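**Student:** Take this structure, written in structure tokens, and hold onto it; I'll ask about it next.
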Amino acid sequence: MPRSELLLIGGASGVGKSSAAFALHDLLSAQDVTHAVVEGDALNLAHPAPWRSGIAFRNLAAIWANYRALDYRRLIFTNTVSVLEAEAIADAMGDRPRTTSVLLQATSGTIQDRLAGREPGESLAAHVARSREAAVRLEAEATPAVHRLDTEGRTPHEVALLMDALLDWTD
């Protein structure tokens, strides 16, 4: 079975991770490139939050095993800190994927505008503050091997084209 390939899309809330992943999905689908998309934030979305338990990695392992059983070998994975957890995510996949990591970035003004469109009332300020903290951490801790892409003034499709150019995913 061919080696798996993994695209990690990370970045602070509001930079456009999900939108870019869905646009890349559309682009790859139009090219008939077999792939799967997993929103990492949904792998441990529960209350109380079980994130310290490692359940997200166990859930990813189960999901990826199901895809691999159907001969999928390319995964697009989005999560804020995914580019910092590349090794753990690859380990959860269990088949030593070739990994490409992309950190999406935007200005704090753009992030605030985007978050204002989806976060209601009083929670907006908390989301903006957490997003700023994440952006600082990601920039400081992401290695130079992580591709940094500015989403400022770009459509999700334009960001998807930039990510596609980093990959060699052809069937």
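Labeling convention for the structure tokens: chains A, B, ... as they appear, residues from 1 per chain, ligands from 1 in order of appearance.
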Report as number ranges by chain all protein, DNA and RNA residues lying within 7 Å of range 8-20 of chain A, evaluated on only C-alpha atoms, omitting residues in the same chain fewer than 6 positions from it.
**Tutor:** A: 76-83, 100-106, 111, 114-115, 131, 134-135, 151, 156-157, 159-160
**Student:** Just C-alpha atoms for this one: save the residues we selected as a short mmCIF file (atom, residue, chain, number, x, y, z; two decimals), in the first residue's frame.
**Tutor:**
```cif
data_model
loop_
_atom_site.label_atom_id
_atom_site.label_comp_id
_atom_site.auth_asym_id
_atom_site.auth_seq_id
_atom_site.Cartn_x
_atom_site.Cartn_y
_atom_site.Cartn_z
CA ILE A 76 -6.21 17.25 4.82
CA PHE A 77 -6.33 17.97 8.55
CA THR A 78 -7.29 21.33 10.05
CA ASN A 79 -6.73 22.40 13.62
CA THR A 80 -5.38 25.56 15.21
CA VAL A 81 -2.19 23.95 16.55
CA SER A 82 -1.89 21.08 14.07
CA VAL A 83 1.44 22.39 12.74
CA THR A 100 3.29 19.13 4.58
CA SER A 101 2.47 21.78 7.19
CA VAL A 102 0.89 25.14 6.41
CA LEU A 103 0.36 27.96 8.89
CA LEU A 104 -2.30 30.38 7.68
CA GLN A 105 -1.95 33.96 8.86
CA ALA A 106 -3.90 37.23 8.68
CA ILE A 111 -9.29 38.09 12.10
CA ARG A 114 -14.07 37.37 10.37
CA LEU A 115 -14.74 36.30 13.94
CA SER A 131 -6.98 33.98 18.57
CA ALA A 134 -2.68 31.47 19.41
CA ALA A 135 -1.22 33.55 16.57
CA THR A 151 -4.74 34.86 3.75
CA PRO A 156 -10.38 30.64 0.06
CA HIS A 157 -9.92 29.42 -3.54
CA VAL A 159 -5.40 30.08 -0.65
CA ALA A 160 -6.31 26.57 -1.85
#
```
**Student:** List as a ChimeraX atom specification the protein and nucleic acid residues near range 86-92 of chain A, meaning an atom at most 7 Å away when only C-alpha atoms are counted, but skip any in the same chain fewer than 3 places from it.
**Tutor:** /A:57-58,60-61,82-83,96-97
**Student:** Go ahead and dump the residues you just picked, N, CA and C atoms, as a compact mmCIF listing (two decimals), in the first residue's frame.
**Tutor:**
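Writing done, so here's selection-v6.txt:
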```txt
# COMPACT_ATOMS: atom_id res chain seq x y z
N PHE A 57 -6.61 12.28 19.22
CA PHE A 57 -5.69 11.42 18.46
C PHE A 57 -6.28 10.01 18.29
N ARG A 58 -6.94 9.50 19.32
CA ARG A 58 -7.58 8.19 19.20
C ARG A 58 -8.72 8.22 18.19
N LEU A 60 -8.92 10.33 15.64
CA LEU A 60 -8.29 10.43 14.32
C LEU A 60 -7.80 9.05 13.86
N ALA A 61 -7.19 8.30 14.75
CA ALA A 61 -6.70 6.97 14.39
C ALA A 61 -7.84 6.10 13.89
N SER A 82 -2.31 22.30 14.77
CA SER A 82 -1.89 21.08 14.07
C SER A 82 -0.43 21.13 13.64
N VAL A 83 0.05 22.30 13.21
CA VAL A 83 1.44 22.39 12.74
C VAL A 83 2.43 22.20 13.87
N ARG A 96 3.13 6.45 8.95
CA ARG A 96 4.27 7.33 8.63
C ARG A 96 4.02 8.20 7.39
N PRO A 97 3.02 9.07 7.43
CA PRO A 97 2.72 9.86 6.24
C PRO A 97 3.81 10.88 5.92
```
**Student:** Would you mind listing what lies within 9 Å of Trp64 in chain A as a list in words, with only C-alpha atoms counted and same-chain residues fewer than 6 positions away left out?
**Tutor:**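 The filter keeps Ala36, Tyr72, Leu75, Ala92, Met93 and Gly94 of chain A.
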**Student:** Would you output that residue set with C-alpha atoms, as a PDB file, in the first residue's frame?
**Tutor:**
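New file out_37.pdb:
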```
ATOM      1  CA  ALA A  36     -10.240  13.019   2.850  1.00  0.00           C
ATOM      2  CA  TYR A  72      -7.493   6.557   0.813  1.00  0.00           C
ATOM      3  CA  LEU A  75      -5.540  13.534   4.415  1.00  0.00           C
ATOM      4  CA  ALA A  92      -2.220   8.670  15.103  1.00  0.00           C
ATOM      5  CA  MET A  93      -2.458   7.907  11.385  1.00  0.00           C
ATOM      6  CA  GLY A  94      -0.171   4.948  12.003  1.00  0.00           C
TER       7      GLY A  94
END
```
**Student:** Determine which residues of range 8-162 of chain A DSSP labels as alpha helix (DSSP H) from the backbone of this structure, then write them out as a PyMOL selection string.
**Tutor:** chain A and resi 17-30+55-69+86-93+108-116+123-141+156-162
**Student:** Just to confirm, what's the straight-line distance from CA of Ala142 in chain A to CA of Leu84 in chain A in Å (one decimal)?
**Tutor:**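 Computing the Euclidean distance for CA of Ala142 in chain A and CA of Leu84 in chain A yields 6.0 Å.
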**Student:** Provide the CA of Asn59 in chain A to CA of Glu39 in chain A distance in Å, to one decimal place.
**Tutor:**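 Interatomic distance here is 11.5 Å.
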**Student:** Could you tell me how far CA of Leu162 in chain A sits from CA of Arg130 in chain A, in Å to one decimal place?
**Tutor:**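 About the pair CA of Arg130 in chain A and CA of Leu162 in chain A: they are 26.6 Å apart.
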**Student:** Find the residues near Trp169 in chain A: any atom within 12 Å, counting only C-alpha atoms, skip ones fewer than 6 places away on the same chain, and give them as number ranges by chain.
**Tutor:** A: 4-7, 24-25, 27-29, 31-35, 73-76, 98, 100, 163
**Student:** May I ask which of the residues A:Val37, A:Ala56, A:Val136, A:Ala116 is the closest one to Glu85 in chain A, counting only C-alpha atoms?
**Tutor:**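 Looking at the shortest contact to Glu85 in chain A, the residue is A:Ala56.
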**Student:** Name the residues of range 46-147 of chain A that fall into strand (DSSP E or B) according to DSSP on the backbone, using the chain letters and numbers of this document, as an MDAnalysis selection string.
**Tutor:** chainID A and resid 74:78 98:105 147
